[in-house]
Each structure stands twice: as structure tokens, then as C-alpha cells.
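Asker: Shown below is the structure under consideration.
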Amino acid sequence: MSSKSGPWCRAADMSKCRSCRAPAVIDLPRHNAHFCAEHLEQLCRRQFRRAVDDFAMFSHDDTILVAVSGGKDSLALWDMLATEGYSTVGLYIGLGIGRYSDESHDVVAAFAADRGLKLRTVDLRTEHGFDVPTAARVTARVPCSSCGLSKRHIFDEVARDGGFDVVVTGHNLDDEAAVLFGNALRWDVEYLRRQAPVLPARGRFPRKAKPLVRLTEREMAAWCVIRGIDYVVEECPMAIGNRHHTYKEALAVVEATSPGTTAAFYLGFLDRMAPLLATTADEEPVELCRSCGAPSGSSDGVCAFCRLAERASTATPVPVEMVLSRGARRRYIEQWGDAPATEGDTDGRP
Ligand code: AMP
Ligand code: FES
Ligand code: ZN
Ligand code: ZN
């Protein structure tokens with residue numbers, strides 16, 4: 001289910017590249033220009049370097065742990081880092097989301113093998129005794145909440161154990177603008193205050209950076225096409241239709257009539273609003289989890305991840321089909337093939 005082409009990189013009829021007048025492969029309305037493959041690649045590298053330098057994300061002396069999901073953004077990011085001479089190791093987390101996870105793992109493993117890059121894989125069920133669908137059922141919360149908690153915990157743990165200087169993720173401009181939009185709609189000042197492209201290391205938490213914050217989804221998809229990167233086109237079946245997608249769609253409507261608005265919204269926030277919200281640095285929780293040794297911040301001495309693992313690992317495993325709403329299950333079967341027998345429709349409710 002991976003692809004070298006997508007709906008993103010459409011041939012821009014007879015238009016010419018702004019830089020060299022060669023036939024263009026993509027139009028970028030926010031730059032009011034068309035680009036050939038070579039100059040699109042240069043533009044992406046410039047925006048990547050600018051984000052890394054402006055926010056002092058990392059240097060060539062750092063060892064970088066790249067969180068790779070198999071989607072276009074994180075594979076494009078790994079490709080950029082490797083070809084810019086950074087020292088990297090990839091990290092793929094198997095979340096147990098049916099065939100979507102199996103396919104994602106295969107795509108990431110093939111990417112790493114083809115380029116001679118080192119990959120570390122952590123399988124949630126094998127190493128921690130549960131998966132995301134089961135956690136969603138047990139907690140009766142949206143899957144993304146235990147998924148996000150598990151990913152953050154494993155990023156931190158692998159970075160700490162492996163002595164990495166920084167963990168990077170493939171969050172792009174559209175992702176960050178959608179998160180900002182959601183936080184602003186709720187005036188969630190705590191989240192707004194922490195929404196930065198780089199978070200410094202704090203005690204046992206490693207530094208985290210998002211080097212693609214100046215690049216859009218469409219630009220990253222085009223990067224993958226140009227660079228011959230095979231990626232998983234399908235979105236996570238458990239995340240489809242969540243609030244984050246709705247915010248993205250709303251911003252896309254504004255962007256279509258007013259190109260550049262998304263970048264102005266997010267980059268303007270970083271430039272003019274974030275400094276006003278900055279207060280003293282967050283305190284690192286002093287308590288360490290008695291199960292895993294990570295900072296726990298909880299009075300019972302067990303971190304949120306270990307508490308989740310304790311509950312979810314004793315539950316009967318739930319296949320992904322059983323925690324999807326009717327519509328999402330239909331789409332899942334269309335994309336990934338027929339499901340094994342299930343206990344009936346749950347309408348997304350555990
Ligand atoms: P998402 O939260 O799914 O939008 O993903 C955001 C970023 O988190 C991706 O660009 C990756 O860098 C990272 N990520 C997501 N899923 C995984 C995974 N299964 N394994 C490792 N990293 C991931
Ligand atoms: Fe986390 Fe889908 S990737 S719920
Ligand atoms: Zn050109
Ligand atoms: Zn713990």
C-alpha cells in the first residue's frame with residue numbers, strides 16, 4: 001500500500017521553473033511560483049536548514065534519533081538528514097495497528113536497508129505487552145491518546161538508553177499549524193506555551209526537534225516522489241476523522257483562497273506570540289518511575305506509560321477492526337483487505 005506517486009506532485013501544465021525556466025513539476029501557490037525537481041529540492045533543503053539554524057536544533061556533532069513512521073514526512077526528514085551528513089539512527093515503533101503497522105514497518109525497513117542506514121525497532125506488544133487498539137479499548141479513550149503517550153515514552157527511553165543528543169520527528173508546517181489552531185480555539189495557554197519547534201533537554205528528557213516546521217505536506221510528498229522514496233500513503237486508520245484532521249481541513253480551505261496564510265499563522269506565532277507566552281522553563285519531575293526509571297511526576301511513583309502498560313497488558317488483545325467506527329472499519333477493509341471475524345460493530349466505543 002505504499003506508493004512512489006501521490007495526488008501531491010501534479011505536473012504543472014506548461015509552466016516553467018522560477019529559477020531555471022525548465023519545465024516545472026510543481027506549483028507552490030504560497031511562493032507564487034513553479035519549480036522543477038532540482039529547484040524544489042533546493043528550496044526544501046533551504047527551508048530545512050533555516051529551521052535547524054534559526055532554532056538551534058542540532059549540529060553535525062550531535063547523534064540524532066529520527067522517529068520514522070513510514071509516512072512521507074519522517075522518511076523525507078531522514079533522507080534530508082542523511083544526505084546533509086548528519087549522524088542518524090532511525091526508530092520505528094510497532095503500534096500493533098493491524099496491517100497498517102505491518103506495512104509501515106516493511107516500508108521503513110526497506111528504506112533503511114536500501115540506504116545503509118541504522119534502524120532500531122521497538123514493538124509495543126513484544127516489548128511492553130500491549131498494542132494501541134487494546135489500550136484504546138481498556139482506557140475507553142481515543143486511540144491517539146495512548147498512542148501518543150506510548151510514542152513519547154519510547155522516544156525518550158531509546159534516546160536516553162542510546163545516549164542520543166536529540167530526537168527528531170517529521171511534524172510539518174500543516175501539522176503544527178493545525179495543532180496551533182486547536183490550541184488557540186480552546187485558548188489552551190499551557191499547550192500554546194510549549195508549542196515550540198525545539199524543546200531543550202531537561203534532566204532525563206532528551207532534546208526534541210521538528211526540522212520540517214517550515215515545509216508543507218505537499219512539499220514533503222513531492223520530495224518523496226522526486227527522491228524516489230517509497231512511503232505509506234494511507235493515514236493511520238485509527239486517527240482518521242479526529243479533531244486534528246478537521247483543523248487541517250479548515251486551514252486548507254483558507255489556504256486555498258489565500259495562499260501563505262498557514263505559514264503566516266504558524267511562523268508569525270513563533271515570531272511574535274510565543275515570546276510573550278514564554279515563562280520560566282518547565283520543572284523536571286523529580287520523582288522517577290519505580291518501574292522504568294523515567295521521570296514520573298506522579299504521587300504513586302509510577303509513570304503514566306507504566307500504568308497504561310500494567311492495565312493493557314493483562315487485557316485480551318483487541319484487533320484494530322474492533323475499535324474502529326463503522327465508517328472507519330469499512331475504509332480500513334477497502335484499503336487493507338478483509339478483516340478477520342470480529343465480535344460485531346462497536347461504533348468506535350470500547
Ligand atoms: P503523527 O503523530 O502520526 O502525525 O506522527 C508525527 C511524527 O511522529 C512522525 O513524523 C514521526 O516522526 C513520528 N512517528 C509517528 N508514528 C511513529 C512510529 N510508529 N514510530 C516512530 N515514529 C513515529
Ligand atoms: Fe497513533 Fe494512529 S498512529 S492512533
Ligand atoms: Zn529549475
Ligand atoms: Zn514508568
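Residues are named by chain letter and number: chains run A, B, ... in the order of the C-alpha cells, numbers start at 1 in each chain, and ligands are numbered from 1 in the order shown.
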For the interface of region 237-349 of chain A with region 173-179 of chain A (cut-off 8 Å, counting only C-alpha atoms), please tabulate each contacting residue of region 237-349 of chain A alongside its nearest pair of atoms and their separation in Å to one decimal, rows sorted by chain and increasing number, as a Markdown table.
Answerer:
```
| residue | atom | partner | partner_atom | distance |
| --- | --- | --- | --- | --- |
| A:His244 | CA | A:Ala178 | CA | 6.3 |
| A:His245 | CA | A:Ala178 | CA | 7.9 |
| A:Tyr247 | CA | A:Ala178 | CA | 5.3 |
| A:Lys248 | CA | A:Ala178 | CA | 5.2 |
| A:Leu251 | CA | A:Ala178 | CA | 7.3 |
| A:Thr262 | CA | A:Ala177 | CA | 6.4 |
| A:Ala263 | CA | A:Leu173 | CA | 7.0 |
| A:Phe265 | CA | A:Ala177 | CA | 7.0 |
| A:Tyr266 | CA | A:Ala177 | CA | 5.3 |
```
Asker: Got time to write the residues from that selection, N, CA, C and O atoms, as a PDB file, in the first residue's frame?
Answerer:
```pdb
ATOM      1  N   HIS A 244      -7.822  16.786  14.901  1.00  0.00           N
ATOM      2  CA  HIS A 244      -6.636  17.319  14.230  1.00  0.00           C
ATOM      3  C   HIS A 244      -6.889  17.409  12.708  1.00  0.00           C
ATOM      4  O   HIS A 244      -6.540  18.400  12.070  1.00  0.00           O
ATOM      5  N   HIS A 245      -7.527  16.373  12.156  1.00  0.00           N
ATOM      6  CA  HIS A 245      -7.829  16.388  10.720  1.00  0.00           C
ATOM      7  C   HIS A 245      -8.811  17.490  10.374  1.00  0.00           C
ATOM      8  O   HIS A 245      -8.704  18.127   9.335  1.00  0.00           O
ATOM      9  N   TYR A 247      -9.186  20.343  11.881  1.00  0.00           N
ATOM     10  CA  TYR A 247      -8.484  21.636  11.888  1.00  0.00           C
ATOM     11  C   TYR A 247      -7.637  21.795  10.619  1.00  0.00           C
ATOM     12  O   TYR A 247      -7.554  22.873  10.048  1.00  0.00           O
ATOM     13  N   LYS A 248      -7.020  20.696  10.202  1.00  0.00           N
ATOM     14  CA  LYS A 248      -6.216  20.750   8.972  1.00  0.00           C
ATOM     15  C   LYS A 248      -7.084  21.114   7.774  1.00  0.00           C
ATOM     16  O   LYS A 248      -6.708  21.937   6.938  1.00  0.00           O
ATOM     17  N   LEU A 251      -8.033  24.773   7.806  1.00  0.00           N
ATOM     18  CA  LEU A 251      -6.924  25.634   7.367  1.00  0.00           C
ATOM     19  C   LEU A 251      -6.691  25.505   5.863  1.00  0.00           C
ATOM     20  O   LEU A 251      -6.348  26.488   5.199  1.00  0.00           O
ATOM     21  N   THR A 262      -1.354  29.762   6.130  1.00  0.00           N
ATOM     22  CA  THR A 262      -0.935  28.767   7.128  1.00  0.00           C
ATOM     23  C   THR A 262       0.458  29.090   7.656  1.00  0.00           C
ATOM     24  O   THR A 262       0.697  29.073   8.872  1.00  0.00           O
ATOM     25  N   ALA A 263       1.376  29.422   6.739  1.00  0.00           N
ATOM     26  CA  ALA A 263       2.747  29.754   7.160  1.00  0.00           C
ATOM     27  C   ALA A 263       2.743  31.031   7.986  1.00  0.00           C
ATOM     28  O   ALA A 263       3.436  31.120   9.013  1.00  0.00           O
ATOM     29  N   PHE A 265       0.355  32.209   9.810  1.00  0.00           N
ATOM     30  CA  PHE A 265      -0.275  31.911  11.106  1.00  0.00           C
ATOM     31  C   PHE A 265       0.732  31.262  12.051  1.00  0.00           C
ATOM     32  O   PHE A 265       0.977  31.738  13.155  1.00  0.00           O
ATOM     33  N   TYR A 266       1.370  30.193  11.590  1.00  0.00           N
ATOM     34  CA  TYR A 266       2.260  29.441  12.482  1.00  0.00           C
ATOM     35  C   TYR A 266       3.595  30.160  12.713  1.00  0.00           C
ATOM     36  O   TYR A 266       4.030  30.335  13.860  1.00  0.00           O
TER      37      TYR A 266
END
```
Asker: Counting only C-alpha atoms and all ligand atoms, what residues are within 8 Å of ligand 1, given as a PDB file with N, CA, C and O atoms, in the first residue's frame?
Answerer:
```pdb
ATOM      1  N   VAL A  66      16.014   9.550  14.767  1.00  0.00           N
ATOM      2  CA  VAL A  66      14.943  10.009  13.882  1.00  0.00           C
ATOM      3  C   VAL A  66      13.743   9.087  14.047  1.00  0.00           C
ATOM      4  O   VAL A  66      13.829   7.890  13.728  1.00  0.00           O
ATOM      5  N   ALA A  67      12.643   9.624  14.538  1.00  0.00           N
ATOM      6  CA  ALA A  67      11.426   8.812  14.695  1.00  0.00           C
ATOM      7  C   ALA A  67      10.760   8.688  13.330  1.00  0.00           C
ATOM      8  O   ALA A  67      10.341   9.686  12.745  1.00  0.00           O
ATOM      9  N   VAL A  68      10.693   7.450  12.810  1.00  0.00           N
ATOM     10  CA  VAL A  68      10.147   7.253  11.461  1.00  0.00           C
ATOM     11  C   VAL A  68       8.902   6.370  11.500  1.00  0.00           C
ATOM     12  O   VAL A  68       8.925   5.252  12.032  1.00  0.00           O
ATOM     13  N   SER A  69       7.835   6.872  10.906  1.00  0.00           N
ATOM     14  CA  SER A  69       6.558   6.159  10.940  1.00  0.00           C
ATOM     15  C   SER A  69       6.305   5.354   9.668  1.00  0.00           C
ATOM     16  O   SER A  69       5.433   4.498   9.649  1.00  0.00           O
ATOM     17  N   GLY A  70       7.034   5.669   8.585  1.00  0.00           N
ATOM     18  CA  GLY A  70       6.745   5.066   7.280  1.00  0.00           C
ATOM     19  C   GLY A  70       5.973   6.011   6.392  1.00  0.00           C
ATOM     20  O   GLY A  70       5.787   5.757   5.204  1.00  0.00           O
ATOM     21  N   GLY A  71       5.518   7.123   6.959  1.00  0.00           N
ATOM     22  CA  GLY A  71       4.833   8.152   6.161  1.00  0.00           C
ATOM     23  C   GLY A  71       5.855   9.046   5.464  1.00  0.00           C
ATOM     24  O   GLY A  71       7.061   8.951   5.704  1.00  0.00           O
ATOM     25  N   LYS A  72       5.329   9.931   4.609  1.00  0.00           N
ATOM     26  CA  LYS A  72       6.220  10.749   3.771  1.00  0.00           C
ATOM     27  C   LYS A  72       7.115  11.698   4.569  1.00  0.00           C
ATOM     28  O   LYS A  72       8.288  11.886   4.237  1.00  0.00           O
ATOM     29  N   ASP A  73       6.563  12.301   5.625  1.00  0.00           N
ATOM     30  CA  ASP A  73       7.303  13.352   6.324  1.00  0.00           C
ATOM     31  C   ASP A  73       8.554  12.809   7.005  1.00  0.00           C
ATOM     32  O   ASP A  73       9.646  13.342   6.829  1.00  0.00           O
ATOM     33  N   SER A  74       8.374  11.749   7.810  1.00  0.00           N
ATOM     34  CA  SER A  74       9.536  11.284   8.564  1.00  0.00           C
ATOM     35  C   SER A  74      10.569  10.612   7.653  1.00  0.00           C
ATOM     36  O   SER A  74      11.774  10.714   7.919  1.00  0.00           O
ATOM     37  N   LEU A  91      14.221   5.228  14.350  1.00  0.00           N
ATOM     38  CA  LEU A  91      13.460   4.479  15.359  1.00  0.00           C
ATOM     39  C   LEU A  91      12.045   4.273  14.841  1.00  0.00           C
ATOM     40  O   LEU A  91      11.328   5.248  14.569  1.00  0.00           O
ATOM     41  N   TYR A  92      11.666   3.000  14.675  1.00  0.00           N
ATOM     42  CA  TYR A  92      10.283   2.690  14.285  1.00  0.00           C
ATOM     43  C   TYR A  92       9.601   1.990  15.454  1.00  0.00           C
ATOM     44  O   TYR A  92      10.153   1.048  16.035  1.00  0.00           O
ATOM     45  N   ILE A  93       8.405   2.449  15.791  1.00  0.00           N
ATOM     46  CA  ILE A  93       7.648   1.821  16.882  1.00  0.00           C
ATOM     47  C   ILE A  93       6.464   1.064  16.276  1.00  0.00           C
ATOM     48  O   ILE A  93       5.619   1.664  15.594  1.00  0.00           O
ATOM     49  N   GLY A  94       6.420  -0.241  16.518  1.00  0.00           N
ATOM     50  CA  GLY A  94       5.294  -1.068  16.054  1.00  0.00           C
ATOM     51  C   GLY A  94       4.136  -0.898  17.034  1.00  0.00           C
ATOM     52  O   GLY A  94       4.241  -1.335  18.185  1.00  0.00           O
ATOM     53  N   LEU A  95       3.077  -0.239  16.595  1.00  0.00           N
ATOM     54  CA  LEU A  95       1.975   0.107  17.498  1.00  0.00           C
ATOM     55  C   LEU A  95       0.877  -0.958  17.503  1.00  0.00           C
ATOM     56  O   LEU A  95      -0.085  -0.853  18.254  1.00  0.00           O
ATOM     57  N   SER A 101       0.288  -1.171  10.477  1.00  0.00           N
ATOM     58  CA  SER A 101       1.587  -1.204  11.169  1.00  0.00           C
ATOM     59  C   SER A 101       2.564  -2.144  10.470  1.00  0.00           C
ATOM     60  O   SER A 101       3.757  -1.824  10.336  1.00  0.00           O
ATOM     61  N   SER A 104       3.824  -0.441   7.385  1.00  0.00           N
ATOM     62  CA  SER A 104       4.692   0.696   7.735  1.00  0.00           C
ATOM     63  C   SER A 104       6.082   0.193   8.115  1.00  0.00           C
ATOM     64  O   SER A 104       7.100   0.757   7.699  1.00  0.00           O
ATOM     65  N   GLY A 148      -0.056   8.355  21.533  1.00  0.00           N
ATOM     66  CA  GLY A 148       0.870   9.480  21.748  1.00  0.00           C
ATOM     67  C   GLY A 148       1.705   9.277  23.006  1.00  0.00           C
ATOM     68  O   GLY A 148       2.920   9.490  22.991  1.00  0.00           O
ATOM     69  N   LYS A 151       4.333   6.579  22.281  1.00  0.00           N
ATOM     70  CA  LYS A 151       5.407   7.039  21.390  1.00  0.00           C
ATOM     71  C   LYS A 151       6.363   7.968  22.143  1.00  0.00           C
ATOM     72  O   LYS A 151       7.582   7.795  22.080  1.00  0.00           O
ATOM     73  N   PHE A 155      10.262   7.178  22.602  1.00  0.00           N
ATOM     74  CA  PHE A 155      11.269   8.109  22.045  1.00  0.00           C
ATOM     75  C   PHE A 155      12.269   8.473  23.147  1.00  0.00           C
ATOM     76  O   PHE A 155      13.482   8.425  22.967  1.00  0.00           O
ATOM     77  N   VAL A 168      14.309  13.651  16.713  1.00  0.00           N
ATOM     78  CA  VAL A 168      13.597  14.492  15.752  1.00  0.00           C
ATOM     79  C   VAL A 168      12.379  13.756  15.203  1.00  0.00           C
ATOM     80  O   VAL A 168      12.395  12.539  15.033  1.00  0.00           O
ATOM     81  N   THR A 169      11.334  14.510  14.938  1.00  0.00           N
ATOM     82  CA  THR A 169      10.112  13.944  14.354  1.00  0.00           C
ATOM     83  C   THR A 169       9.764  14.696  13.071  1.00  0.00           C
ATOM     84  O   THR A 169      10.254  15.801  12.827  1.00  0.00           O
ATOM     85  N   GLY A 170       8.884  14.094  12.280  1.00  0.00           N
ATOM     86  CA  GLY A 170       8.560  14.640  10.953  1.00  0.00           C
ATOM     87  C   GLY A 170       7.372  15.592  10.948  1.00  0.00           C
ATOM     88  O   GLY A 170       6.774  15.786   9.881  1.00  0.00           O
ATOM     89  N   HIS A 171       7.029  16.184  12.082  1.00  0.00           N
ATOM     90  CA  HIS A 171       5.907  17.139  12.087  1.00  0.00           C
ATOM     91  C   HIS A 171       6.203  18.278  11.103  1.00  0.00           C
ATOM     92  O   HIS A 171       7.270  18.889  11.163  1.00  0.00           O
ATOM     93  N   ASN A 172       5.236  18.542  10.226  1.00  0.00           N
ATOM     94  CA  ASN A 172       5.461  19.585   9.211  1.00  0.00           C
ATOM     95  C   ASN A 172       4.645  20.844   9.536  1.00  0.00           C
ATOM     96  O   ASN A 172       3.950  20.893  10.565  1.00  0.00           O
ATOM     97  N   ASP A 175       0.925  20.248  10.067  1.00  0.00           N
ATOM     98  CA  ASP A 175       0.649  19.611  11.373  1.00  0.00           C
ATOM     99  C   ASP A 175       0.692  20.651  12.485  1.00  0.00           C
ATOM    100  O   ASP A 175      -0.199  20.717  13.329  1.00  0.00           O
ATOM    101  N   CYS A 236      -3.111   6.626   9.347  1.00  0.00           N
ATOM    102  CA  CYS A 236      -3.442   5.651  10.383  1.00  0.00           C
ATOM    103  C   CYS A 236      -4.960   5.484  10.445  1.00  0.00           C
ATOM    104  O   CYS A 236      -5.680   6.474  10.572  1.00  0.00           O
TER     105      CYS A 236
END
```
Asker: Find the residue from A:Thr134, A:Asn32, A:Gln42, A:Thr63 that sits nearest to ligand 3; use only C-alpha atoms and all ligand atoms when measuring.
Answerer: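 Selected residue with least distance to ligand 3: A:Gln42.
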Asker: For ligand 3, collect every residue having any atom at a distance of at most 10 Å from a ligand atom (counting only C-alpha atoms and all ligand atoms); output as a PyMOL selection string.
Answerer: chain A and resi 16-25+34-42
Asker: Tell me, counting only C-alpha atoms and all ligand atoms, for each residue of chain A within 7 Å of ligand 2, which pair of atoms is nearest and how far apart they are in Å to one decimal, in rows ordered by chain and increasing number, as CSV.
Answerer:
```
residue,atom,partner,partner_atom_place_in_ligand_line,distance
A:Val132,CA,ligand 2,4 (S),6.9
A:Pro143,CA,ligand 2,4 (S),4.8
A:Cys144,CA,ligand 2,4 (S),3.9
A:Cys147,CA,ligand 2,1 (Fe),4.4
A:Gly148,CA,ligand 2,1 (Fe),6.1
A:Cys236,CA,ligand 2,2 (Fe),4.5
A:Pro237,CA,ligand 2,2 (Fe),6.4
A:Met238,CA,ligand 2,2 (Fe),4.8
A:Ala239,CA,ligand 2,2 (Fe),4.8
```
Asker: Using N, CA and C atoms, can you export the residues from the last selection as a PDB file, in the first residue's frame?
Answerer:
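Saved as again_29.pdb:
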```
ATOM      1  N   VAL A 132      -1.823  -0.585  20.614  1.00  0.00           N
ATOM      2  CA  VAL A 132      -2.677   0.609  20.696  1.00  0.00           C
ATOM      3  C   VAL A 132      -4.181   0.273  20.667  1.00  0.00           C
ATOM      4  N   PRO A 143      -7.888   6.438  20.544  1.00  0.00           N
ATOM      5  CA  PRO A 143      -6.630   5.699  20.408  1.00  0.00           C
ATOM      6  C   PRO A 143      -5.412   6.610  20.430  1.00  0.00           C
ATOM      7  N   CYS A 144      -5.544   7.812  19.840  1.00  0.00           N
ATOM      8  CA  CYS A 144      -4.375   8.697  19.738  1.00  0.00           C
ATOM      9  C   CYS A 144      -3.817   9.058  21.111  1.00  0.00           C
ATOM     10  N   CYS A 147      -1.670   6.109  22.133  1.00  0.00           N
ATOM     11  CA  CYS A 147      -0.638   6.037  21.086  1.00  0.00           C
ATOM     12  C   CYS A 147       0.410   7.119  21.309  1.00  0.00           C
ATOM     13  N   GLY A 148      -0.056   8.355  21.533  1.00  0.00           N
ATOM     14  CA  GLY A 148       0.870   9.480  21.748  1.00  0.00           C
ATOM     15  C   GLY A 148       1.705   9.277  23.006  1.00  0.00           C
ATOM     16  N   CYS A 236      -3.111   6.626   9.347  1.00  0.00           N
ATOM     17  CA  CYS A 236      -3.442   5.651  10.383  1.00  0.00           C
ATOM     18  C   CYS A 236      -4.960   5.484  10.445  1.00  0.00           C
ATOM     19  N   PRO A 237      -5.454   4.237  10.355  1.00  0.00           N
ATOM     20  CA  PRO A 237      -6.920   4.040  10.337  1.00  0.00           C
ATOM     21  C   PRO A 237      -7.592   4.472  11.635  1.00  0.00           C
ATOM     22  N   MET A 238      -6.828   4.531  12.712  1.00  0.00           N
ATOM     23  CA  MET A 238      -7.439   4.914  13.996  1.00  0.00           C
ATOM     24  C   MET A 238      -7.504   6.423  14.180  1.00  0.00           C
ATOM     25  N   ALA A 239      -6.788   7.150  13.344  1.00  0.00           N
ATOM     26  CA  ALA A 239      -6.725   8.609  13.537  1.00  0.00           C
ATOM     27  C   ALA A 239      -7.645   9.351  12.572  1.00  0.00           C
TER      28      ALA A 239
END
```
Asker: Got a sec: who's within 9 Å of Leu288 (chain A), counting only C-alpha atoms, leaving out chain neighbours fewer than 5 positions off, as a ChimeraX atom specification?
Answerer: /A:293-298,301-303
Asker: Using DSSP assignments from the backbone, pull out every residue in region 160-216 of chain A that falls under alpha helix (DSSP H) and give it to me as an mmCIF file with N, CA, C and O atoms, in the first residue's frame.
Answerer:
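The file below, part09.cif, is the result:
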```
data_model
loop_
_atom_site.group_PDB
_atom_site.id
_atom_site.type_symbol
_atom_site.label_atom_id
_atom_site.label_comp_id
_atom_site.auth_asym_id
_atom_site.auth_seq_id
_atom_site.Cartn_x
_atom_site.Cartn_y
_atom_site.Cartn_z
ATOM 1 N N ARG A 160 17.506 8.117 25.686
ATOM 2 C CA ARG A 160 18.279 8.081 26.933
ATOM 3 C C ARG A 160 19.234 6.885 26.946
ATOM 4 O O ARG A 160 20.425 7.025 27.156
ATOM 5 N N ASP A 161 18.680 5.688 26.655
ATOM 6 C CA ASP A 161 19.499 4.474 26.721
ATOM 7 C C ASP A 161 20.614 4.483 25.671
ATOM 8 O O ASP A 161 21.687 3.942 25.893
ATOM 9 N N GLY A 162 20.316 5.080 24.516
ATOM 10 C CA GLY A 162 21.305 5.059 23.433
ATOM 11 C C GLY A 162 22.243 6.258 23.472
ATOM 12 O O GLY A 162 23.109 6.384 22.598
ATOM 13 N N LEU A 173 4.731 21.826 8.649
ATOM 14 C CA LEU A 173 4.040 23.107 8.866
ATOM 15 C C LEU A 173 2.524 22.918 9.023
ATOM 16 O O LEU A 173 1.900 23.539 9.894
ATOM 17 N N ASP A 174 1.939 22.048 8.179
ATOM 18 C CA ASP A 174 0.482 21.838 8.266
ATOM 19 C C ASP A 174 0.095 21.188 9.594
ATOM 20 O O ASP A 174 -0.927 21.539 10.184
ATOM 21 N N ASP A 175 0.925 20.248 10.067
ATOM 22 C CA ASP A 175 0.649 19.611 11.373
ATOM 23 C C ASP A 175 0.692 20.651 12.485
ATOM 24 O O ASP A 175 -0.199 20.717 13.329
ATOM 25 N N GLU A 176 1.764 21.439 12.493
ATOM 26 C CA GLU A 176 1.961 22.383 13.602
ATOM 27 C C GLU A 176 0.917 23.494 13.576
ATOM 28 O O GLU A 176 0.450 23.945 14.625
ATOM 29 N N ALA A 177 0.541 23.922 12.367
ATOM 30 C CA ALA A 177 -0.490 24.969 12.266
ATOM 31 C C ALA A 177 -1.836 24.426 12.758
ATOM 32 O O ALA A 177 -2.591 25.132 13.436
ATOM 33 N N ALA A 178 -2.119 23.148 12.455
ATOM 34 C CA ALA A 178 -3.392 22.557 12.908
ATOM 35 C C ALA A 178 -3.415 22.433 14.430
ATOM 36 O O ALA A 178 -4.435 22.709 15.069
ATOM 37 N N VAL A 179 -2.289 22.054 15.015
ATOM 38 C CA VAL A 179 -2.219 21.964 16.485
ATOM 39 C C VAL A 179 -2.383 23.355 17.094
ATOM 40 O O VAL A 179 -3.124 23.560 18.061
ATOM 41 N N LEU A 180 -1.728 24.333 16.491
ATOM 42 C CA LEU A 180 -1.830 25.705 16.983
ATOM 43 C C LEU A 180 -3.271 26.205 16.901
ATOM 44 O O LEU A 180 -3.791 26.834 17.839
ATOM 45 N N PHE A 181 -3.912 25.899 15.787
ATOM 46 C CA PHE A 181 -5.303 26.306 15.589
ATOM 47 C C PHE A 181 -6.185 25.725 16.700
ATOM 48 O O PHE A 181 -6.976 26.427 17.336
ATOM 49 N N GLY A 182 -6.010 24.420 16.966
ATOM 50 C CA GLY A 182 -6.798 23.756 18.014
ATOM 51 C C GLY A 182 -6.531 24.363 19.384
ATOM 52 O O GLY A 182 -7.459 24.640 20.151
ATOM 53 N N ASN A 183 -5.260 24.614 19.682
ATOM 54 C CA ASN A 183 -4.913 25.195 20.983
ATOM 55 C C ASN A 183 -5.473 26.606 21.129
ATOM 56 O O ASN A 183 -5.917 27.003 22.210
ATOM 57 N N ALA A 184 -5.458 27.356 20.019
ATOM 58 C CA ALA A 184 -5.970 28.731 20.071
ATOM 59 C C ALA A 184 -7.494 28.734 20.194
ATOM 60 O O ALA A 184 -8.065 29.574 20.888
ATOM 61 N N LEU A 185 -8.151 27.781 19.523
ATOM 62 C CA LEU A 185 -9.619 27.724 19.630
ATOM 63 C C LEU A 185 -10.045 27.501 21.083
ATOM 64 O O LEU A 185 -11.074 27.987 21.522
ATOM 65 N N VAL A 189 -3.547 27.866 27.098
ATOM 66 C CA VAL A 189 -2.302 28.629 27.199
ATOM 67 C C VAL A 189 -1.111 27.737 27.530
ATOM 68 O O VAL A 189 -0.004 27.941 27.019
ATOM 69 N N GLU A 190 -1.337 26.700 28.344
ATOM 70 C CA GLU A 190 -0.222 25.808 28.692
ATOM 71 C C GLU A 190 0.335 25.120 27.447
ATOM 72 O O GLU A 190 1.538 25.035 27.254
ATOM 73 N N TYR A 191 -0.575 24.621 26.596
ATOM 74 C CA TYR A 191 -0.122 23.965 25.353
ATOM 75 C C TYR A 191 0.508 24.992 24.413
ATOM 76 O O TYR A 191 1.511 24.719 23.756
ATOM 77 N N LEU A 192 -0.090 26.171 24.331
ATOM 78 C CA LEU A 192 0.461 27.204 23.443
ATOM 79 C C LEU A 192 1.890 27.555 23.881
ATOM 80 O O LEU A 192 2.780 27.734 23.059
ATOM 81 N N ARG A 193 2.077 27.618 25.177
ATOM 82 C CA ARG A 193 3.382 27.984 25.712
ATOM 83 C C ARG A 193 4.446 26.936 25.350
ATOM 84 O O ARG A 193 5.603 27.265 25.153
ATOM 85 N N ARG A 194 4.021 25.689 25.255
ATOM 86 C CA ARG A 194 5.000 24.625 24.991
ATOM 87 C C ARG A 194 5.103 24.270 23.511
ATOM 88 O O ARG A 194 5.811 23.352 23.130
#
```
